[in-house]
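In what follows, a single structure is set out as structure tokens and then discussed.
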Amino acid sequence: MAKILPVPADPSPSFFVPIADLVHQGGLLAVGTESSYALAASASNPTALDRVINAKERPSGKPLLVLIGERSQLDTLAGSVPSWFHAMINEFWPGPLTVIVPAQPGLSPVLTAGTVTIGIREPGSAFLRSLLRQTGPLTGTSANLSGQPPCLTADEVEVSLGRDVDLILDTGPATGNRPSTLLSVVDGPAILRAGPVSVEEIQRVLSNVGLLVPVRGLP
């Protein structure tokens, strides 16, 4: 079974070193986010990405969103984005907004599901951002078998996925809040999944930068 590692309230820089080493060797982590526990593997390691898919028993053709710890990490993932994209992330990052952007050429098809786009988020958790600055971008898909409810505690992850995960970072119980709002910036703003950031909030930011195109919402 996977090792459960309690995360201290104020981890020292040395706390992250063996975790980052594990990730760089293709390891698979589980860690708490703002809503649930997530499976975190290096976004640049094809073997690690395959481990995520196999652990979740996830059907092919579904993309994996990516978490970043700082804006500079966008350059390795995102292609050309509209000017208003920056106003959007300045307002809502770190936080519960995932943006779908054109993908950099050469990214793994496991991340993009064969599309030319990728979903990216800078999470609200300060611990997770610190980890991401050490590891580089990581997957942020929910830690659960495909079709099952997301895990909200380290113990739940161990029961569900402990055979496949190398290390569970116990950040305490997750809130169970709604997952992030999913906003596409490709071909105009469109909400693909409702979440904590509302259509009205997104529309306000766009209006502030002079973009009067309505945000397409869910039916």
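The chains in the structure tokens are called A, B, ... from first to last as shown; in each chain the residues are counted from 1, and the ligands are counted from 1 in the order shown.
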Those of stretch 102-132 of chain A in DSSP helix (DSSP H, G or I), formatted as a ChimeraX atom specification: /A:109-112,126-132
Contacts between stretch 165-181 of chain A and stretch 58-154 of chain A, please, where a residue of stretch 58-154 of chain A counts if it comes within 12 Å (with only C-alpha atoms); show its shortest atom pair and distance in Å to one decimal, rows by chain and ascending number, as JSON lines.
{"residue": "A:Leu65", "atom": "CA", "partner": "A:Ser180", "partner_atom": "CA", "distance": 10.9}
{"residue": "A:Leu67", "atom": "CA", "partner": "A:Ser180", "partner_atom": "CA", "distance": 11.8}
{"residue": "A:Phe92", "atom": "CA", "partner": "A:Thr181", "partner_atom": "CA", "distance": 10.4}
{"residue": "A:Trp93", "atom": "CA", "partner": "A:Ser180", "partner_atom": "CA", "distance": 11.3}
{"residue": "A:Pro94", "atom": "CA", "partner": "A:Ser180", "partner_atom": "CA", "distance": 11.3}
{"residue": "A:Gly95", "atom": "CA", "partner": "A:Ser180", "partner_atom": "CA", "distance": 8.1}
{"residue": "A:Pro96", "atom": "CA", "partner": "A:Ser180", "partner_atom": "CA", "distance": 4.3}
{"residue": "A:Leu97", "atom": "CA", "partner": "A:Thr181", "partner_atom": "CA", "distance": 4.9}
{"residue": "A:Thr98", "atom": "CA", "partner": "A:Thr181", "partner_atom": "CA", "distance": 6.0}
{"residue": "A:Val99", "atom": "CA", "partner": "A:Thr181", "partner_atom": "CA", "distance": 8.3}
{"residue": "A:Ile100", "atom": "CA", "partner": "A:Thr181", "partner_atom": "CA", "distance": 10.6}
{"residue": "A:Gly119", "atom": "CA", "partner": "A:Thr181", "partner_atom": "CA", "distance": 11.0}
{"residue": "A:Ile120", "atom": "CA", "partner": "A:Ser180", "partner_atom": "CA", "distance": 10.7}
{"residue": "A:Arg121", "atom": "CA", "partner": "A:Ser180", "partner_atom": "CA", "distance": 8.8}
{"residue": "A:Glu122", "atom": "CA", "partner": "A:Ser180", "partner_atom": "CA", "distance": 10.7}
{"residue": "A:Pro123", "atom": "CA", "partner": "A:Ser180", "partner_atom": "CA", "distance": 9.5}
{"residue": "A:Gly124", "atom": "CA", "partner": "A:Ser180", "partner_atom": "CA", "distance": 10.7}
{"residue": "A:Ser125", "atom": "CA", "partner": "A:Thr171", "partner_atom": "CA", "distance": 10.1}
{"residue": "A:Ala126", "atom": "CA", "partner": "A:Thr171", "partner_atom": "CA", "distance": 11.4}
{"residue": "A:Phe127", "atom": "CA", "partner": "A:Thr171", "partner_atom": "CA", "distance": 8.7}
{"residue": "A:Leu128", "atom": "CA", "partner": "A:Thr171", "partner_atom": "CA", "distance": 9.5}
{"residue": "A:Leu131", "atom": "CA", "partner": "A:Leu169", "partner_atom": "CA", "distance": 10.8}
{"residue": "A:Gly140", "atom": "CA", "partner": "A:Pro179", "partner_atom": "CA", "distance": 10.9}
{"residue": "A:Thr141", "atom": "CA", "partner": "A:Pro179", "partner_atom": "CA", "distance": 10.3}
{"residue": "A:Ser142", "atom": "CA", "partner": "A:Pro179", "partner_atom": "CA", "distance": 9.3}
{"residue": "A:Ala143", "atom": "CA", "partner": "A:Val165", "partner_atom": "CA", "distance": 9.7}
{"residue": "A:Asn144", "atom": "CA", "partner": "A:Val165", "partner_atom": "CA", "distance": 11.1}
{"residue": "A:Pro149", "atom": "CA", "partner": "A:Gly176", "partner_atom": "CA", "distance": 10.0}
{"residue": "A:Pro150", "atom": "CA", "partner": "A:Gly176", "partner_atom": "CA", "distance": 8.3}
{"residue": "A:Cys151", "atom": "CA", "partner": "A:Ala174", "partner_atom": "CA", "distance": 8.3}
{"residue": "A:Leu152", "atom": "CA", "partner": "A:Ala174", "partner_atom": "CA", "distance": 4.9}
{"residue": "A:Thr153", "atom": "CA", "partner": "A:Pro173", "partner_atom": "CA", "distance": 4.9}
{"residue": "A:Ala154", "atom": "CA", "partner": "A:Asp170", "partner_atom": "CA", "distance": 5.4}
For the residues selected in the previous step, produce a file with N, CA and C atoms as an mmCIF file, in the first residue's frame.
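Final output, result-v4.cif:
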data_model
loop_
_atom_site.group_PDB
_atom_site.id
_atom_site.type_symbol
_atom_site.label_atom_id
_atom_site.label_comp_id
_atom_site.auth_asym_id
_atom_site.auth_seq_id
_atom_site.Cartn_x
_atom_site.Cartn_y
_atom_site.Cartn_z
ATOM 1 N N LEU A 65 -6.242 17.671 -16.787
ATOM 2 C CA LEU A 65 -5.847 19.042 -16.515
ATOM 3 C C LEU A 65 -4.517 19.056 -15.771
ATOM 4 N N LEU A 67 -1.793 21.290 -13.164
ATOM 5 C CA LEU A 67 -1.623 22.313 -12.139
ATOM 6 C C LEU A 67 -0.233 22.921 -12.255
ATOM 7 N N PHE A 92 -8.428 35.677 -11.100
ATOM 8 C CA PHE A 92 -8.941 34.448 -10.484
ATOM 9 C C PHE A 92 -7.869 33.434 -10.087
ATOM 10 N N TRP A 93 -6.614 33.682 -10.404
ATOM 11 C CA TRP A 93 -5.539 32.783 -9.964
ATOM 12 C C TRP A 93 -4.729 33.448 -8.870
ATOM 13 N N PRO A 94 -4.238 32.720 -7.893
ATOM 14 C CA PRO A 94 -4.542 31.301 -7.656
ATOM 15 C C PRO A 94 -6.005 31.135 -7.256
ATOM 16 N N GLY A 95 -6.622 30.075 -7.703
ATOM 17 C CA GLY A 95 -8.012 29.853 -7.349
ATOM 18 C C GLY A 95 -8.707 28.854 -8.243
ATOM 19 N N PRO A 96 -10.038 28.743 -8.074
ATOM 20 C CA PRO A 96 -10.798 27.653 -8.692
ATOM 21 C C PRO A 96 -11.270 27.926 -10.120
ATOM 22 N N LEU A 97 -10.349 28.342 -10.983
ATOM 23 C CA LEU A 97 -10.652 28.532 -12.402
ATOM 24 C C LEU A 97 -9.631 27.765 -13.227
ATOM 25 N N THR A 98 -10.115 26.796 -13.999
ATOM 26 C CA THR A 98 -9.271 26.086 -14.966
ATOM 27 C C THR A 98 -9.521 26.681 -16.339
ATOM 28 N N VAL A 99 -8.456 27.048 -17.030
ATOM 29 C CA VAL A 99 -8.592 27.635 -18.359
ATOM 30 C C VAL A 99 -8.153 26.625 -19.414
ATOM 31 N N ILE A 100 -8.945 26.520 -20.452
ATOM 32 C CA ILE A 100 -8.607 25.664 -21.595
ATOM 33 C C ILE A 100 -7.979 26.559 -22.649
ATOM 34 N N GLY A 119 -5.997 22.017 -20.382
ATOM 35 C CA GLY A 119 -6.560 22.721 -19.239
ATOM 36 C C GLY A 119 -5.498 22.957 -18.182
ATOM 37 N N ILE A 120 -5.405 24.200 -17.682
ATOM 38 C CA ILE A 120 -4.365 24.600 -16.739
ATOM 39 C C ILE A 120 -4.993 25.384 -15.591
ATOM 40 N N ARG A 121 -4.447 25.177 -14.376
ATOM 41 C CA ARG A 121 -4.908 25.943 -13.215
ATOM 42 C C ARG A 121 -3.752 26.182 -12.254
ATOM 43 N N GLU A 122 -3.742 27.350 -11.639
ATOM 44 C CA GLU A 122 -2.852 27.639 -10.518
ATOM 45 C C GLU A 122 -3.690 27.510 -9.253
ATOM 46 N N PRO A 123 -3.464 26.484 -8.436
ATOM 47 C CA PRO A 123 -4.363 26.202 -7.312
ATOM 48 C C PRO A 123 -4.235 27.216 -6.178
ATOM 49 N N GLY A 124 -5.282 27.286 -5.367
ATOM 50 C CA GLY A 124 -5.295 28.206 -4.243
ATOM 51 C C GLY A 124 -4.450 27.761 -3.076
ATOM 52 N N SER A 125 -4.173 26.472 -2.967
ATOM 53 C CA SER A 125 -3.407 25.937 -1.847
ATOM 54 C C SER A 125 -1.947 26.395 -1.908
ATOM 55 N N ALA A 126 -1.493 27.106 -0.850
ATOM 56 C CA ALA A 126 -0.105 27.573 -0.812
ATOM 57 C C ALA A 126 0.858 26.391 -0.768
ATOM 58 N N PHE A 127 0.500 25.333 -0.033
ATOM 59 C CA PHE A 127 1.366 24.150 0.012
ATOM 60 C C PHE A 127 1.512 23.536 -1.365
ATOM 61 N N LEU A 128 0.412 23.408 -2.071
ATOM 62 C CA LEU A 128 0.463 22.780 -3.390
ATOM 63 C C LEU A 128 1.274 23.616 -4.366
ATOM 64 N N LEU A 131 4.886 22.986 -3.672
ATOM 65 C CA LEU A 131 5.268 21.689 -4.222
ATOM 66 C C LEU A 131 5.477 21.785 -5.730
ATOM 67 N N GLY A 140 -3.749 17.130 -12.264
ATOM 68 C CA GLY A 140 -4.616 17.487 -11.153
ATOM 69 C C GLY A 140 -5.958 16.793 -11.202
ATOM 70 N N THR A 141 -6.021 15.630 -11.840
ATOM 71 C CA THR A 141 -7.275 14.898 -11.923
ATOM 72 C C THR A 141 -7.647 14.318 -10.557
ATOM 73 N N SER A 142 -8.918 14.172 -10.304
ATOM 74 C CA SER A 142 -9.364 13.714 -8.992
ATOM 75 C C SER A 142 -8.867 12.306 -8.691
ATOM 76 N N ALA A 143 -8.568 12.064 -7.422
ATOM 77 C CA ALA A 143 -8.039 10.768 -6.981
ATOM 78 C C ALA A 143 -9.192 9.826 -6.674
ATOM 79 N N ASN A 144 -9.593 9.098 -7.663
ATOM 80 C CA ASN A 144 -10.664 8.119 -7.510
ATOM 81 C C ASN A 144 -10.709 7.243 -8.752
ATOM 82 N N PRO A 149 -16.998 8.577 -6.614
ATOM 83 C CA PRO A 149 -16.852 9.904 -5.999
ATOM 84 C C PRO A 149 -15.396 10.210 -5.687
ATOM 85 N N PRO A 150 -15.001 11.468 -5.756
ATOM 86 C CA PRO A 150 -13.637 11.846 -5.403
ATOM 87 C C PRO A 150 -13.335 11.532 -3.938
ATOM 88 N N CYS A 151 -12.091 11.211 -3.643
ATOM 89 C CA CYS A 151 -11.670 10.948 -2.270
ATOM 90 C C CYS A 151 -11.425 12.270 -1.546
ATOM 91 N N LEU A 152 -11.875 12.345 -0.293
ATOM 92 C CA LEU A 152 -11.759 13.572 0.493
ATOM 93 C C LEU A 152 -10.747 13.473 1.617
ATOM 94 N N THR A 153 -10.180 12.292 1.857
ATOM 95 C CA THR A 153 -9.167 12.125 2.894
ATOM 96 C C THR A 153 -8.057 11.222 2.372
ATOM 97 N N ALA A 154 -6.917 11.289 3.054
ATOM 98 C CA ALA A 154 -5.796 10.420 2.688
ATOM 99 C C ALA A 154 -6.164 8.952 2.856
#
Within 8 Å of stretch 43-53 of chain A, counting only C-alpha atoms, which residues show up once you throw out same-chain ones fewer than 3 positions away? Write them as a PDB file with C-alpha atoms, in the first residue's frame, please.
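This is the output file result.pdb:
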ATOM      1  CA  GLY A  26       8.040   8.967 -12.522  1.00  0.00           C
ATOM      2  CA  GLY A  27       6.318   8.576  -9.159  1.00  0.00           C
ATOM      3  CA  LEU A  28       2.603   8.997  -8.599  1.00  0.00           C
ATOM      4  CA  LEU A  39      -3.537  12.323  -8.540  1.00  0.00           C
ATOM      5  CA  ALA A  40      -0.351  14.240  -9.253  1.00  0.00           C
ATOM      6  CA  LYS A  56      -8.075   5.625 -12.328  1.00  0.00           C
ATOM      7  CA  GLU A  57      -9.105   3.008 -14.916  1.00  0.00           C
ATOM      8  CA  ARG A  58      -9.938   6.073 -16.971  1.00  0.00           C
ATOM      9  CA  PRO A  59     -11.407   5.663 -20.474  1.00  0.00           C
ATOM     10  CA  VAL A  66      -2.493  20.348 -15.285  1.00  0.00           C
ATOM     11  CA  LEU A 107       2.659  17.767 -25.328  1.00  0.00           C
ATOM     12  CA  SER A 108       1.628  14.226 -24.469  1.00  0.00           C
ATOM     13  CA  VAL A 110      -2.538  11.752 -22.623  1.00  0.00           C
ATOM     14  CA  LEU A 111      -2.809  15.366 -21.433  1.00  0.00           C
ATOM     15  CA  GLY A 136       7.148  21.409 -12.239  1.00  0.00           C
ATOM     16  CA  PRO A 137       3.599  21.073 -13.617  1.00  0.00           C
ATOM     17  CA  LEU A 138       1.615  18.088 -12.316  1.00  0.00           C
ATOM     18  CA  THR A 139      -1.645  16.453 -13.262  1.00  0.00           C
ATOM     19  CA  ASP A 164      -1.159   2.226  -7.478  1.00  0.00           C
TER      20      ASP A 164
END
Atomic separation - atom CA of A:Val199 relative to atom CA of A:Val215, Å: 6.8 Å
Residue with smallest distance to A:Val197 - pool A:Leu145, A:Leu182, A:Ala38, A:Val31, counting only C-alpha atoms: A:Leu182
Spatial neighbours of A:Leu211, max dist 12 Å, only C-alpha atoms, sep filter under 2 positions, as JSON, numbers by chain: {"A": [82, 83, 84, 85, 87, 88, 188, 189, 202, 203, 204, 205, 206, 207, 208, 209, 213, 214, 215]}
Kindly export the residues of the current selection with N, CA, C and O atoms, as a PDB file, in the first residue's frame.
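Heads up, here's the output in selection-v6.pdb:
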ATOM      1  N   PRO A  82      -5.352  34.682 -26.137  1.00  0.00           N
ATOM      2  CA  PRO A  82      -5.837  36.047 -26.362  1.00  0.00           C
ATOM      3  C   PRO A  82      -5.370  36.982 -25.251  1.00  0.00           C
ATOM      4  O   PRO A  82      -5.064  36.550 -24.133  1.00  0.00           O
ATOM      5  N   SER A  83      -5.354  38.274 -25.545  1.00  0.00           N
ATOM      6  CA  SER A  83      -4.852  39.252 -24.583  1.00  0.00           C
ATOM      7  C   SER A  83      -5.660  39.251 -23.294  1.00  0.00           C
ATOM      8  O   SER A  83      -5.112  39.459 -22.206  1.00  0.00           O
ATOM      9  N   TRP A  84      -6.955  38.993 -23.386  1.00  0.00           N
ATOM     10  CA  TRP A  84      -7.802  39.049 -22.188  1.00  0.00           C
ATOM     11  C   TRP A  84      -7.588  37.862 -21.256  1.00  0.00           C
ATOM     12  O   TRP A  84      -8.028  37.879 -20.105  1.00  0.00           O
ATOM     13  N   PHE A  85      -6.887  36.845 -21.738  1.00  0.00           N
ATOM     14  CA  PHE A  85      -6.565  35.710 -20.886  1.00  0.00           C
ATOM     15  C   PHE A  85      -5.802  36.161 -19.640  1.00  0.00           C
ATOM     16  O   PHE A  85      -6.043  35.679 -18.533  1.00  0.00           O
ATOM     17  N   ALA A  87      -5.856  39.061 -18.109  1.00  0.00           N
ATOM     18  CA  ALA A  87      -6.754  39.717 -17.155  1.00  0.00           C
ATOM     19  C   ALA A  87      -7.539  38.686 -16.357  1.00  0.00           C
ATOM     20  O   ALA A  87      -7.783  38.854 -15.152  1.00  0.00           O
ATOM     21  N   MET A  88      -7.898  37.606 -17.009  1.00  0.00           N
ATOM     22  CA  MET A  88      -8.685  36.556 -16.351  1.00  0.00           C
ATOM     23  C   MET A  88      -7.868  35.868 -15.254  1.00  0.00           C
ATOM     24  O   MET A  88      -8.327  35.707 -14.119  1.00  0.00           O
ATOM     25  N   GLY A 188     -13.213  32.412 -28.378  1.00  0.00           N
ATOM     26  CA  GLY A 188     -14.073  33.220 -27.527  1.00  0.00           C
ATOM     27  C   GLY A 188     -14.346  32.542 -26.198  1.00  0.00           C
ATOM     28  O   GLY A 188     -14.215  31.322 -26.076  1.00  0.00           O
ATOM     29  N   PRO A 189     -14.706  33.318 -25.170  1.00  0.00           N
ATOM     30  CA  PRO A 189     -14.901  32.746 -23.829  1.00  0.00           C
ATOM     31  C   PRO A 189     -16.130  31.857 -23.754  1.00  0.00           C
ATOM     32  O   PRO A 189     -17.217  32.241 -24.177  1.00  0.00           O
ATOM     33  N   ILE A 202     -16.884  36.313 -14.568  1.00  0.00           N
ATOM     34  CA  ILE A 202     -16.050  36.291 -15.765  1.00  0.00           C
ATOM     35  C   ILE A 202     -16.436  37.417 -16.710  1.00  0.00           C
ATOM     36  O   ILE A 202     -15.575  38.121 -17.253  1.00  0.00           O
ATOM     37  N   GLN A 203     -17.729  37.634 -16.871  1.00  0.00           N
ATOM     38  CA  GLN A 203     -18.201  38.703 -17.756  1.00  0.00           C
ATOM     39  C   GLN A 203     -17.735  40.072 -17.256  1.00  0.00           C
ATOM     40  O   GLN A 203     -17.349  40.946 -18.046  1.00  0.00           O
ATOM     41  N   ARG A 204     -17.724  40.258 -15.940  1.00  0.00           N
ATOM     42  CA  ARG A 204     -17.276  41.536 -15.369  1.00  0.00           C
ATOM     43  C   ARG A 204     -15.816  41.816 -15.734  1.00  0.00           C
ATOM     44  O   ARG A 204     -15.483  42.944 -16.133  1.00  0.00           O
ATOM     45  N   VAL A 205     -14.973  40.806 -15.602  1.00  0.00           N
ATOM     46  CA  VAL A 205     -13.556  40.999 -15.921  1.00  0.00           C
ATOM     47  C   VAL A 205     -13.381  41.310 -17.406  1.00  0.00           C
ATOM     48  O   VAL A 205     -12.610  42.205 -17.782  1.00  0.00           O
ATOM     49  N   LEU A 206     -14.104  40.604 -18.255  1.00  0.00           N
ATOM     50  CA  LEU A 206     -13.995  40.858 -19.690  1.00  0.00           C
ATOM     51  C   LEU A 206     -14.471  42.262 -20.037  1.00  0.00           C
ATOM     52  O   LEU A 206     -13.865  42.948 -20.873  1.00  0.00           O
ATOM     53  N   SER A 207     -15.541  42.699 -19.378  1.00  0.00           N
ATOM     54  CA  SER A 207     -16.046  44.053 -19.636  1.00  0.00           C
ATOM     55  C   SER A 207     -15.026  45.099 -19.219  1.00  0.00           C
ATOM     56  O   SER A 207     -14.861  46.132 -19.878  1.00  0.00           O
ATOM     57  N   ASN A 208     -14.290  44.828 -18.143  1.00  0.00           N
ATOM     58  CA  ASN A 208     -13.290  45.779 -17.656  1.00  0.00           C
ATOM     59  C   ASN A 208     -12.145  45.967 -18.635  1.00  0.00           C
ATOM     60  O   ASN A 208     -11.455  46.994 -18.609  1.00  0.00           O
ATOM     61  N   VAL A 209     -11.898  44.964 -19.482  1.00  0.00           N
ATOM     62  CA  VAL A 209     -10.826  45.099 -20.480  1.00  0.00           C
ATOM     63  C   VAL A 209     -11.391  45.410 -21.866  1.00  0.00           C
ATOM     64  O   VAL A 209     -10.683  45.315 -22.866  1.00  0.00           O
ATOM     65  N   VAL A 213     -18.012  40.725 -25.855  1.00  0.00           N
ATOM     66  CA  VAL A 213     -18.575  39.476 -26.344  1.00  0.00           C
ATOM     67  C   VAL A 213     -19.161  38.701 -25.162  1.00  0.00           C
ATOM     68  O   VAL A 213     -18.485  38.507 -24.151  1.00  0.00           O
ATOM     69  N   PRO A 214     -20.399  38.240 -25.258  1.00  0.00           N
ATOM     70  CA  PRO A 214     -20.983  37.488 -24.125  1.00  0.00           C
ATOM     71  C   PRO A 214     -20.238  36.189 -23.865  1.00  0.00           C
ATOM     72  O   PRO A 214     -19.747  35.522 -24.793  1.00  0.00           O
ATOM     73  N   VAL A 215     -20.149  35.805 -22.614  1.00  0.00           N
ATOM     74  CA  VAL A 215     -19.576  34.510 -22.243  1.00  0.00           C
ATOM     75  C   VAL A 215     -20.611  33.450 -22.538  1.00  0.00           C
ATOM     76  O   VAL A 215     -21.743  33.523 -22.058  1.00  0.00           O
TER      77      VAL A 215
END
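The shortest atom-to-atom distance to A:Gln104, with only C-alpha atoms taken into account, belongs to A:Leu77 out of A:Val159, A:Ala55, A:Ile4, A:Leu77.
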All strand (DSSP E) residues (DSSP, backbone) inside stretch 4-197 of chain A, as a PyMOL selection string: chain A and resi 4-6+29-32+37-40+66-67+97-102+117-121+138-139+141-142+167-170+181-184+190-193
With N, CA and C atoms retained, export the selected residues as a tab-separated table (two decimals), in the first residue's frame.
chain	number	residue	atom	x	y	z
A	4	ILE	N	1.56	7.03	3.58
A	4	ILE	CA	0.88	8.29	3.87
A	4	ILE	C	1.85	9.18	4.64
A	5	LEU	N	2.08	10.37	4.11
A	5	LEU	CA	3.02	11.31	4.73
A	5	LEU	C	2.24	12.53	5.21
A	6	PRO	N	2.13	12.73	6.53
A	6	PRO	CA	1.46	13.93	7.03
A	6	PRO	C	2.22	15.19	6.62
A	29	LEU	N	1.76	10.64	-7.02
A	29	LEU	CA	1.36	11.18	-5.73
A	29	LEU	C	-0.15	11.34	-5.66
A	30	ALA	N	-0.67	11.42	-4.44
A	30	ALA	CA	-2.01	11.93	-4.20
A	30	ALA	C	-1.86	13.07	-3.20
A	31	VAL	N	-2.58	14.16	-3.43
A	31	VAL	CA	-2.45	15.34	-2.59
A	31	VAL	C	-3.78	16.09	-2.57
A	32	GLY	N	-4.08	16.72	-1.44
A	32	GLY	CA	-5.32	17.46	-1.34
A	32	GLY	C	-5.30	18.76	-2.12
A	37	TYR	N	-8.99	15.22	-3.11
A	37	TYR	CA	-7.62	14.77	-3.36
A	37	TYR	C	-7.44	14.54	-4.86
A	38	ALA	N	-6.22	14.81	-5.34
A	38	ALA	CA	-5.90	14.68	-6.75
A	38	ALA	C	-4.73	13.74	-6.95
A	39	LEU	N	-4.69	13.12	-8.13
A	39	LEU	CA	-3.54	12.32	-8.54
A	39	LEU	C	-2.57	13.24	-9.27
A	40	ALA	N	-1.34	13.30	-8.74
A	40	ALA	CA	-0.35	14.24	-9.25
A	40	ALA	C	0.85	13.48	-9.80
A	66	VAL	N	-3.83	20.20	-15.85
A	66	VAL	CA	-2.49	20.35	-15.28
A	66	VAL	C	-2.49	21.49	-14.28
A	67	LEU	N	-1.79	21.29	-13.16
A	67	LEU	CA	-1.62	22.31	-12.14
A	67	LEU	C	-0.23	22.92	-12.26
A	97	LEU	N	-10.35	28.34	-10.98
A	97	LEU	CA	-10.65	28.53	-12.40
A	97	LEU	C	-9.63	27.76	-13.23
A	98	THR	N	-10.11	26.80	-14.00
A	98	THR	CA	-9.27	26.09	-14.97
A	98	THR	C	-9.52	26.68	-16.34
A	99	VAL	N	-8.46	27.05	-17.03
A	99	VAL	CA	-8.59	27.64	-18.36
A	99	VAL	C	-8.15	26.62	-19.41
A	100	ILE	N	-8.94	26.52	-20.45
A	100	ILE	CA	-8.61	25.66	-21.59
A	100	ILE	C	-7.98	26.56	-22.65
A	101	VAL	N	-6.72	26.28	-22.97
A	101	VAL	CA	-5.94	27.13	-23.87
A	101	VAL	C	-5.35	26.28	-25.00
A	102	PRO	N	-4.91	26.92	-26.08
A	102	PRO	CA	-4.18	26.17	-27.09
A	102	PRO	C	-2.93	25.54	-26.48
A	117	THR	N	-5.66	21.46	-27.38
A	117	THR	CA	-5.87	22.32	-26.22
A	117	THR	C	-5.45	21.59	-24.95
A	118	ILE	N	-5.29	22.38	-23.87
A	118	ILE	CA	-4.96	21.81	-22.58
A	118	ILE	C	-5.58	22.67	-21.48
A	119	GLY	N	-6.00	22.02	-20.38
A	119	GLY	CA	-6.56	22.72	-19.24
A	119	GLY	C	-5.50	22.96	-18.18
A	120	ILE	N	-5.41	24.20	-17.68
A	120	ILE	CA	-4.36	24.60	-16.74
A	120	ILE	C	-4.99	25.38	-15.59
A	121	ARG	N	-4.45	25.18	-14.38
A	121	ARG	CA	-4.91	25.94	-13.21
A	121	ARG	C	-3.75	26.18	-12.25
A	138	LEU	N	2.11	19.42	-12.66
A	138	LEU	CA	1.62	18.09	-12.32
A	138	LEU	C	0.17	17.94	-12.77
A	139	THR	N	-0.23	16.71	-13.00
A	139	THR	CA	-1.65	16.45	-13.26
A	139	THR	C	-2.48	16.78	-12.03
A	141	THR	N	-6.02	15.63	-11.84
A	141	THR	CA	-7.27	14.90	-11.92
A	141	THR	C	-7.65	14.32	-10.56
A	142	SER	N	-8.92	14.17	-10.30
A	142	SER	CA	-9.36	13.71	-8.99
A	142	SER	C	-8.87	12.31	-8.69
A	167	LEU	N	2.89	7.65	-3.01
A	167	LEU	CA	2.91	8.48	-1.81
A	167	LEU	C	1.65	9.31	-1.74
A	168	ILE	N	1.03	9.31	-0.56
A	168	ILE	CA	-0.15	10.14	-0.31
A	168	ILE	C	0.26	11.24	0.65
A	169	LEU	N	0.16	12.47	0.21
A	169	LEU	CA	0.47	13.61	1.06
A	169	LEU	C	-0.79	14.01	1.82
A	170	ASP	N	-0.78	13.76	3.12
A	170	ASP	CA	-1.96	13.99	3.94
A	170	ASP	C	-2.02	15.46	4.32
A	181	THR	N	-14.32	25.98	-11.93
A	181	THR	CA	-14.97	26.40	-13.17
A	181	THR	C	-14.04	26.11	-14.34
A	182	LEU	N	-14.60	25.62	-15.43
A	182	LEU	CA	-13.81	25.29	-16.62
A	182	LEU	C	-14.15	26.30	-17.71
A	183	LEU	N	-13.17	27.13	-18.06
A	183	LEU	CA	-13.38	28.20	-19.03
A	183	LEU	C	-12.48	28.01	-20.23
A	184	SER	N	-13.06	27.91	-21.42
A	184	SER	CA	-12.27	27.85	-22.64
A	184	SER	C	-12.00	29.26	-23.14
A	190	ALA	N	-15.94	30.65	-23.21
A	190	ALA	CA	-17.06	29.72	-23.07
A	190	ALA	C	-16.87	28.88	-21.82
A	191	ILE	N	-17.89	28.82	-20.98
A	191	ILE	CA	-17.83	27.99	-19.78
A	191	ILE	C	-18.23	26.57	-20.14
A	192	LEU	N	-17.31	25.62	-19.88
A	192	LEU	CA	-17.55	24.22	-20.18
A	192	LEU	C	-17.99	23.43	-18.95
A	193	ARG	N	-17.72	23.98	-17.76
A	193	ARG	CA	-18.19	23.36	-16.52
A	193	ARG	C	-18.43	24.46	-15.50
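From atom CA of A:Gly69 back to atom CA of A:Ile19, the distance works out to 15.0 Å.
The two atoms in question, atom CA of A:Ile89 and atom CA of A:Gly195, are spaced 15.5 Å apart.
For the set A:Ala9, A:Ala2, A:Ala78, A:Ile68, the residue with the smallest atom-to-atom gap to A:Gln134 is A:Ile68, counting only C-alpha atoms.
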